[in-house]
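*Asks:* Below is the file final.txt, which contains compact mmCIF, C-alpha atoms and all ligand atoms.
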```txt
# COMPACT_ATOMS: atom_id res chain seq x y z
CA MET A 808 -110.16 -106.51 3.35
CA GLU A 809 -107.98 -105.15 6.18
CA ARG A 810 -109.95 -103.17 8.77
CA ARG A 811 -108.81 -100.33 11.01
CA PRO A 812 -110.41 -98.77 14.10
CA PHE A 813 -112.71 -95.84 13.44
CA GLY A 814 -111.55 -93.83 16.45
CA LYS A 815 -110.55 -94.90 19.92
CA ASN A 816 -112.43 -98.14 20.75
CA GLY A 817 -114.32 -97.56 17.49
CA GLU A 818 -115.65 -100.16 15.11
CA LEU A 819 -113.17 -101.87 12.77
CA VAL A 820 -113.86 -100.51 9.29
CA PRO A 821 -112.43 -101.65 5.92
CA VAL A 822 -109.42 -99.48 4.98
CA ILE A 823 -110.91 -98.58 1.60
CA GLY A 824 -114.47 -97.32 1.39
CA GLN A 825 -116.52 -95.53 -1.23
CA GLY A 826 -117.03 -91.81 -1.80
CA THR A 827 -120.25 -90.60 -3.43
CA TRP A 828 -119.71 -86.93 -4.32
CA ARG A 829 -121.27 -86.06 -7.72
CA MET A 830 -123.13 -89.41 -8.01
CA GLU A 831 -126.20 -87.64 -9.31
CA GLY A 832 -128.02 -86.83 -12.53
CA ASP A 833 -126.84 -88.84 -15.52
CA GLU A 834 -124.21 -90.65 -13.45
CA ARG A 835 -126.76 -92.12 -11.05
CA ALA A 836 -127.59 -95.51 -12.62
CA LEU A 837 -123.94 -96.34 -13.35
CA ALA A 838 -122.93 -95.16 -9.87
CA ILE A 839 -125.41 -97.53 -8.23
CA ARG A 840 -123.82 -100.42 -10.12
CA ALA A 841 -120.36 -99.19 -9.09
CA LEU A 842 -121.34 -98.92 -5.40
CA ARG A 843 -122.77 -102.45 -5.52
CA ALA A 844 -119.60 -103.75 -7.21
CA GLY A 845 -117.59 -102.03 -4.47
CA LEU A 846 -119.67 -103.71 -1.76
CA GLU A 847 -119.04 -107.10 -3.40
CA GLU A 848 -115.31 -106.34 -3.08
CA GLY A 849 -115.59 -105.47 0.61
CA MET A 850 -115.70 -101.65 0.45
CA MET A 851 -118.44 -101.48 3.08
CA HIS A 852 -117.72 -97.92 4.28
CA ILE A 853 -119.93 -95.55 2.27
CA ASP A 854 -119.42 -91.82 2.63
CA THR A 855 -122.13 -89.36 1.67
CA ALA A 856 -123.50 -85.95 2.75
CA GLU A 857 -126.74 -83.99 2.78
CA MET A 858 -124.95 -81.47 0.54
CA TYR A 859 -124.29 -83.94 -2.29
CA GLY A 860 -126.87 -83.23 -4.99
CA SER A 861 -128.88 -81.46 -2.25
CA GLY A 862 -129.96 -84.85 -0.90
CA GLU A 863 -130.21 -86.70 -4.21
CA VAL A 864 -126.99 -88.64 -3.55
CA GLU A 865 -128.29 -89.97 -0.22
CA GLU A 866 -131.22 -91.38 -2.19
CA THR A 867 -128.77 -92.97 -4.64
CA VAL A 868 -126.98 -94.58 -1.70
CA ARG A 869 -130.28 -95.88 -0.32
CA GLU A 870 -130.90 -97.68 -3.61
CA ALA A 871 -127.34 -99.02 -3.82
CA ILE A 872 -127.35 -100.52 -0.31
CA ALA A 873 -130.94 -101.85 -0.40
CA GLY A 874 -131.02 -105.20 1.38
CA ARG A 875 -127.45 -104.79 2.70
CA ARG A 876 -127.81 -101.93 5.21
CA ASP A 877 -126.55 -104.00 8.15
CA GLU A 878 -123.27 -104.84 6.41
CA VAL A 879 -122.53 -101.21 5.54
CA PHE A 880 -120.66 -98.62 7.64
CA LEU A 881 -122.75 -95.63 6.64
CA VAL A 882 -121.47 -92.08 7.06
CA SER A 883 -123.21 -88.80 6.26
CA LYS A 884 -122.47 -85.16 7.03
CA VAL A 885 -124.37 -82.16 8.29
CA TRP A 886 -124.04 -78.99 6.23
CA PRO A 887 -122.32 -76.35 8.45
CA GLN A 888 -125.11 -73.83 7.83
CA ASN A 889 -127.53 -76.32 9.47
CA ALA A 890 -125.24 -77.17 12.39
CA THR A 891 -127.07 -75.46 15.27
CA TYR A 892 -128.35 -77.82 18.00
CA GLU A 893 -131.88 -78.14 16.55
CA GLY A 894 -130.63 -77.82 12.95
CA THR A 895 -128.23 -80.75 13.33
CA ILE A 896 -130.93 -83.00 14.76
CA ALA A 897 -133.38 -82.05 12.02
CA ALA A 898 -130.72 -82.52 9.29
CA CYS A 899 -129.90 -85.97 10.66
CA ASP A 900 -133.57 -86.97 10.56
CA ARG A 901 -133.81 -85.86 6.93
CA SER A 902 -130.65 -87.81 6.01
CA LEU A 903 -131.96 -90.94 7.76
CA SER A 904 -135.20 -90.69 5.85
CA ARG A 905 -133.46 -90.19 2.46
CA LEU A 906 -131.08 -93.05 3.23
CA GLY A 907 -133.95 -95.32 4.33
CA THR A 908 -132.33 -96.27 7.62
CA ASP A 909 -132.85 -95.71 11.34
CA ARG A 910 -129.20 -94.95 12.17
CA LEU A 911 -125.90 -93.70 10.79
CA ASP A 912 -122.65 -95.39 11.79
CA CYS A 913 -120.92 -92.02 11.89
CA TYR A 914 -122.18 -88.45 11.41
CA LEU A 915 -119.76 -85.66 10.52
CA LEU A 916 -119.70 -81.88 10.55
CA HIS A 917 -118.80 -81.25 6.88
CA TRP A 918 -116.44 -78.35 7.63
CA PRO A 919 -116.03 -75.77 10.42
CA GLY A 920 -118.86 -73.27 10.16
CA HIS A 921 -120.21 -70.24 12.01
CA HIS A 922 -122.49 -71.94 14.50
CA PRO A 923 -120.89 -72.65 17.90
CA LEU A 924 -119.13 -76.00 17.86
CA GLU A 925 -120.47 -76.67 21.37
CA GLU A 926 -124.00 -76.77 19.93
CA THR A 927 -123.14 -79.16 17.11
CA ILE A 928 -121.31 -81.51 19.48
CA ARG A 929 -124.20 -81.37 21.97
CA ALA A 930 -126.55 -82.34 19.14
CA PHE A 931 -124.24 -85.19 18.09
CA GLU A 932 -124.25 -86.52 21.67
CA THR A 933 -128.07 -86.27 21.81
CA LEU A 934 -128.26 -88.23 18.55
CA VAL A 935 -125.92 -90.90 19.97
CA ARG A 936 -128.13 -91.28 23.06
CA ALA A 937 -131.21 -91.54 20.82
CA GLY A 938 -129.56 -94.34 18.81
CA LYS A 939 -129.77 -92.32 15.58
CA ILE A 940 -126.00 -92.19 15.14
CA ARG A 941 -123.47 -94.65 16.51
CA SER A 942 -120.54 -92.20 16.53
CA TRP A 943 -119.65 -88.73 15.27
CA GLY A 944 -116.68 -87.02 13.72
CA LEU A 945 -115.42 -83.91 11.97
CA SER A 946 -114.24 -82.97 8.51
CA ASN A 947 -111.76 -80.36 7.26
CA PHE A 948 -110.65 -79.59 10.83
CA ASP A 949 -107.03 -78.43 11.27
CA ALA A 950 -105.08 -79.27 14.44
CA PRO A 951 -106.08 -76.16 16.47
CA ARG A 952 -109.75 -76.77 15.67
CA LEU A 953 -109.39 -80.45 16.57
CA GLU A 954 -107.89 -79.34 19.88
CA LYS A 955 -110.90 -77.11 20.47
CA ALA A 956 -113.35 -79.92 19.66
CA PHE A 957 -111.40 -82.25 21.94
CA ALA A 958 -111.62 -79.71 24.78
CA ILE A 959 -115.42 -79.61 24.35
CA ALA A 960 -116.08 -83.31 23.78
CA GLY A 961 -113.40 -85.02 25.88
CA GLU A 962 -111.37 -88.17 25.36
CA GLY A 963 -112.53 -90.83 22.92
CA ARG A 964 -115.53 -88.96 21.48
CA ILE A 965 -114.21 -87.77 18.07
CA ALA A 966 -114.24 -90.82 15.78
CA CYS A 967 -112.54 -89.27 12.75
CA ASP A 968 -111.37 -86.21 10.89
CA GLN A 969 -112.13 -86.52 7.17
CA VAL A 970 -109.54 -84.48 5.26
CA LEU A 971 -108.02 -83.91 1.83
CA TYR A 972 -105.08 -86.29 1.39
CA ASN A 973 -103.38 -87.72 -1.68
CA VAL A 974 -99.87 -88.06 -3.15
CA GLY A 975 -99.94 -84.49 -4.42
CA GLU A 976 -101.50 -82.94 -1.31
CA ARG A 977 -99.78 -84.08 1.87
CA SER A 978 -100.38 -81.02 4.11
CA ILE A 979 -102.13 -83.07 6.82
CA GLU A 980 -98.85 -84.85 7.55
CA GLN A 981 -97.58 -81.66 9.20
CA ALA A 982 -100.01 -81.40 12.13
CA VAL A 983 -103.40 -83.07 11.57
CA LEU A 984 -102.15 -86.62 11.12
CA PRO A 985 -99.78 -86.54 14.15
CA TRP A 986 -102.56 -85.01 16.28
CA CYS A 987 -105.01 -87.73 15.24
CA GLU A 988 -102.44 -90.48 15.79
CA GLN A 989 -101.79 -89.15 19.29
CA HIS A 990 -105.49 -88.94 20.21
CA GLY A 991 -106.76 -92.15 18.58
CA VAL A 992 -108.81 -90.30 15.96
CA ALA A 993 -109.12 -91.99 12.56
CA VAL A 994 -108.00 -89.96 9.55
CA VAL A 995 -110.27 -90.50 6.56
CA ALA A 996 -108.45 -89.42 3.39
CA TYR A 997 -110.84 -87.85 0.91
CA SER A 998 -110.05 -87.21 -2.79
CA PRO A 999 -107.25 -89.81 -2.52
CA LEU A 1000 -107.06 -89.88 -6.35
CA GLY A 1001 -106.91 -86.11 -6.69
CA SER A 1002 -110.64 -85.77 -7.43
CA GLY A 1003 -110.09 -86.56 -11.10
CA VAL A 1004 -106.76 -84.72 -11.47
CA PHE A 1005 -104.21 -87.53 -11.40
CA PRO A 1006 -100.45 -87.11 -12.00
CA SER A 1007 -99.70 -87.33 -15.72
CA PRO A 1008 -97.50 -90.26 -16.81
CA ARG A 1009 -95.27 -87.61 -18.42
CA SER A 1010 -94.46 -86.02 -15.05
CA ALA A 1011 -91.75 -87.35 -12.73
CA GLY A 1012 -94.41 -88.28 -10.16
CA GLY A 1013 -96.60 -89.98 -12.73
CA ARG A 1014 -93.61 -92.02 -13.96
CA ALA A 1015 -92.75 -93.09 -10.40
CA LEU A 1016 -96.35 -94.24 -9.84
CA LEU A 1017 -96.29 -96.17 -13.15
CA GLU A 1018 -92.97 -97.89 -12.48
CA ILE A 1019 -93.91 -98.87 -8.93
CA ALA A 1020 -97.29 -100.11 -10.18
CA ALA A 1021 -95.60 -102.24 -12.86
CA ALA A 1022 -93.37 -103.87 -10.23
CA HIS A 1023 -96.50 -105.02 -8.34
CA GLU A 1024 -98.69 -105.81 -11.39
CA ALA A 1025 -100.91 -103.03 -10.08
CA THR A 1026 -102.13 -99.70 -11.48
CA PRO A 1027 -100.88 -96.18 -10.62
CA HIS A 1028 -104.25 -95.44 -8.99
CA GLN A 1029 -103.82 -98.46 -6.72
CA VAL A 1030 -100.31 -97.28 -5.79
CA ALA A 1031 -101.72 -93.83 -4.94
CA LEU A 1032 -104.26 -95.47 -2.59
CA ALA A 1033 -101.59 -97.68 -0.96
CA PHE A 1034 -99.48 -94.54 -0.41
CA VAL A 1035 -102.15 -92.73 1.66
CA LEU A 1036 -102.76 -95.91 3.65
CA ARG A 1037 -99.10 -96.30 4.66
CA ARG A 1038 -99.78 -94.88 8.15
CA PRO A 1039 -102.08 -97.05 10.26
CA ALA A 1040 -104.39 -94.24 11.44
CA VAL A 1041 -105.55 -93.63 7.86
CA LEU A 1042 -108.56 -95.03 5.97
CA THR A 1043 -109.68 -93.77 2.57
CA ILE A 1044 -112.82 -93.27 0.45
CA PRO A 1045 -112.08 -93.05 -3.30
CA LYS A 1046 -115.09 -92.34 -5.48
CA ALA A 1047 -115.76 -94.48 -8.54
CA SER A 1048 -118.82 -94.14 -10.75
CA ARG A 1049 -117.58 -96.93 -12.99
CA PRO A 1050 -117.83 -100.48 -11.63
CA GLU A 1051 -114.40 -101.41 -13.03
CA HIS A 1052 -112.84 -98.50 -11.13
CA ALA A 1053 -114.55 -99.61 -7.91
CA VAL A 1054 -113.16 -103.14 -8.26
CA GLU A 1055 -109.67 -101.80 -9.00
CA ASP A 1056 -109.79 -99.45 -6.01
CA ALA A 1057 -110.89 -102.21 -3.63
CA ARG A 1058 -108.03 -104.43 -4.74
CA ALA A 1059 -105.51 -101.76 -3.73
CA ALA A 1060 -106.11 -102.83 -0.13
CA GLY A 1061 -103.80 -105.82 -0.58
CA LEU A 1062 -100.94 -103.76 -2.04
CA ARG A 1063 -97.90 -103.26 0.23
CA LEU A 1064 -95.26 -100.80 -0.94
CA SER A 1065 -91.63 -101.26 0.17
CA LEU A 1066 -89.88 -98.60 2.25
CA GLU A 1067 -87.76 -97.76 -0.77
CA GLU A 1068 -90.86 -97.25 -2.94
CA LEU A 1069 -92.48 -95.07 -0.28
CA ARG A 1070 -89.31 -92.97 0.00
CA ARG A 1071 -89.24 -92.52 -3.77
CA LEU A 1072 -92.86 -91.32 -3.79
CA GLU A 1073 -92.24 -89.00 -0.82
CA ALA A 1074 -89.29 -87.46 -2.67
CA VAL A 1075 -91.12 -86.96 -5.96
CA PHE A 1076 -94.31 -85.67 -4.25
CA PRO A 1077 -92.78 -83.53 -1.47
CA LEU A 1078 -94.76 -82.30 1.51
CA ARG A 1079 -95.61 -78.63 0.95
CA VAL A 1080 -96.88 -77.02 4.10
CA LYS A 1081 -99.68 -74.48 3.65
CA ARG A 1082 -100.85 -71.85 6.11
CA GLU A 1083 -104.45 -73.03 5.95
CA LEU A 1084 -105.55 -76.66 5.82
CA PRO A 1085 -106.43 -77.20 2.14
CA MET A 1086 -109.93 -78.44 1.34
CA ILE A 1087 -112.03 -78.92 -1.79
P1 LIG B 1 -111.30 -89.08 -5.84
O1 LIG B 1 -111.85 -90.28 -5.19
O2 LIG B 1 -109.94 -88.60 -5.50
O3 LIG B 1 -111.33 -89.23 -7.44
C1 LIG B 1 -112.49 -89.60 -8.13
C2 LIG B 1 -112.12 -89.69 -9.61
O4 LIG B 1 -111.17 -90.76 -9.80
C3 LIG B 1 -113.31 -90.01 -10.50
O5 LIG B 1 -113.12 -89.26 -11.70
C4 LIG B 1 -113.18 -91.50 -10.76
O6 LIG B 1 -113.71 -91.87 -12.02
C5 LIG B 1 -111.68 -91.67 -10.78
N1 LIG B 1 -111.28 -93.02 -10.40
C6 LIG B 1 -111.67 -93.74 -9.33
N2 LIG B 1 -111.04 -94.94 -9.31
C7 LIG B 1 -110.26 -94.97 -10.41
C8 LIG B 1 -109.38 -95.94 -10.94
N3 LIG B 1 -109.18 -97.10 -10.32
N4 LIG B 1 -108.73 -95.65 -12.10
C9 LIG B 1 -108.92 -94.48 -12.74
N5 LIG B 1 -109.73 -93.50 -12.27
C10 LIG B 1 -110.40 -93.75 -11.11
O7 LIG B 1 -112.28 -87.82 -5.69
P2 LIG B 1 -113.44 -87.30 -4.77
O8 LIG B 1 -114.74 -87.79 -5.24
O9 LIG B 1 -113.23 -85.83 -4.68
O10 LIG B 1 -113.13 -87.86 -3.29
C11 LIG B 1 -113.62 -89.09 -2.81
C12 LIG B 1 -114.76 -88.90 -1.84
O11 LIG B 1 -114.36 -88.16 -0.69
C13 LIG B 1 -115.94 -88.07 -2.37
O12 LIG B 1 -116.70 -88.76 -3.33
C14 LIG B 1 -116.64 -87.72 -1.11
O13 LIG B 1 -117.43 -88.81 -0.62
C15 LIG B 1 -115.45 -87.42 -0.18
N6 LIG B 1 -115.11 -85.98 -0.14
C16 LIG B 1 -115.29 -85.32 1.04
C17 LIG B 1 -115.00 -83.96 1.10
C18 LIG B 1 -115.20 -83.23 2.40
O14 LIG B 1 -115.17 -81.99 2.41
N7 LIG B 1 -115.38 -83.93 3.49
C19 LIG B 1 -114.51 -83.26 -0.02
C20 LIG B 1 -114.30 -83.98 -1.20
C21 LIG B 1 -114.59 -85.34 -1.25
P3 LIG B 1 -115.19 -92.46 -12.23
O15 LIG B 1 -116.08 -91.76 -11.25
O16 LIG B 1 -115.47 -92.21 -13.65
O17 LIG B 1 -115.15 -93.96 -11.91
```
Would you write out, as structure tokens, the structure that this file holds?
Ligand code: NAP
*Replies:*
Amino acid sequence: MERRPFGKNGELVPVIGQGTWRMEGDERALAIRALRAGLEEGMMHIDTAEMYGSGEVEETVREAIAGRRDEVFLVSKVWPQNATYEGTIAACDRSLSRLGTDRLDCYLLHWPGHHPLEETIRAFETLVRAGKIRSWGLSNFDAPRLEKAFAIAGEGRIACDQVLYNVGERSIEQAVLPWCEQHGVAVVAYSPLGSGVFPSPRSAGGRALLEIAAAHEATPHQVALAFVLRRPAVLTIPKASRPEHAVEDARAAGLRLSLEELRRLEAVFPLRVKRELPMI
């Protein structure tokens, strides 16, 4: 699978990885099979968070990656309410223990919270020096907040901004994506399939996805993933609890849409700028 840099001078990471939100409860056993199927297909970037199932999902991930930890690019996130200096370090230790590993490849602040960002970043840098995380990044940060983080951390420290991005929600193209492109920060598109709300085949957008998919012997979901990956700063982390979905998602990495197809999708799913960066 194609790989892209995870931040300036960052590790090369497969363009399509695996989300894990809601992989808990009854979904757990099937989700473990799906994550393993995804790994077989090269989706080595696994995204989780202490918030997911209040830690249960990190334990699911531990089981799914057992025996393959070194091949995986493992990302977790600190809950903003925990993101003081000491709180971040303690939260990271708990995540490491639930994940059964001694280090994360990247550790993110889940969204901007009330604790001073200086403290969270200082904790991230302490964790890097201790070898507990290999890099750190942000999530749900708009351009002004990215600028603030950049002013605190300096050049080349922020590996990624993980943000909501899919055909129907293109707000990041206004300011976040250009900012990240300019500063060598990877953009990780979350909910790239609309978090379960996918354009209906009866809508104009749904029809466009179907017709473009048919031309490539692909599926509309694969076209939606190829669309978010059309700019080289972007990587993505669809979530699939069903193994067949995971395999299908991974195979979208080889799909190249023509300029004409991209223009058609951009026209039928127009960029609607919002005052606040949307998040879910
Ligand atoms: P998503 O990936 O946009 O959509 C997941 C849904 O799409 C599931 O219902 C899944 O079904 C279905 N699906 C997956 N592949 C499919 C395929 N090939 N064909 C048909 N349906 C398919 O939603 P998401 O979980 O919201 O986002 C992805 C990940 O991003 C999360 O899991 C999480 O790791 C991360 N995230 C981060 C934040 C943040 O604040 N940083 C917020 C939201 C999400 P099945 O599960 O039944 O296979």
*Asks:* I want to know what sits within 7 Å of region 980-988 of chain A, based on all atoms listed in the file, with residues of the same chain fewer than 6 positions away left out; could you give that as a short mmCIF file (atom, residue, chain, number, x, y, z; two decimals) with C-alpha atoms, in the frame of the given file?
*Replies:*
```cif
data_model
loop_
_atom_site.label_atom_id
_atom_site.label_comp_id
_atom_site.auth_asym_id
_atom_site.auth_seq_id
_atom_site.Cartn_x
_atom_site.Cartn_y
_atom_site.Cartn_z
CA ASP A 949 -107.03 -78.43 11.27
CA ALA A 950 -105.08 -79.27 14.44
CA VAL A 994 -108.00 -89.96 9.55
CA ALA A 1040 -104.39 -94.24 11.44
CA VAL A 1080 -96.88 -77.02 4.10
#
```
*Asks:* Enumerate residues in contact with ligand LIG 1 (chain B): an atom-to-atom distance of at most 7 Å, counting all atoms listed in the file. Format the result as a PyMOL selection string.
*Replies:* chain A and resi 825-829+854-855+917-918+946-947+969-971+997-1003+1028-1029+1044-1049+1052-1053+1055-1056+1086-1087
*Asks:* Closest to Val822 (chain A) among A:Gly874, A:Pro887, A:Gly849, A:Gly862, using only C-alpha atoms?
*Replies:*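 Among the listed residues, A:Gly849 lies closest to Val822 (chain A).
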*Asks:* Can you find the residues with an atom no farther than 12 Å from (-116.3, -85.1, 25.3), counting only C-alpha atoms, and report them as a ChimeraX atom specification?
*Replies:* /A:925,928-929,931-932,943-944,954-966
*Asks:* Excluding Leu903 (chain A) and any residue of its chain fewer than 5 positions from it, enumerate the residues within 12 Å of it, using all atoms listed in the file, and give them as a list in words.
*Replies:* Thr855, Ala856, Glu857, Gly862, Glu865, Glu866, Val868, Arg869, Leu881, Val882, Ser883, Lys884, Val885, Ile896, Ala897, Ala898, Thr908, Asp909, Arg910, Leu911, Asp912, Cys913, Tyr914, Leu934, Gly938, Lys939 and Ile940 of chain A
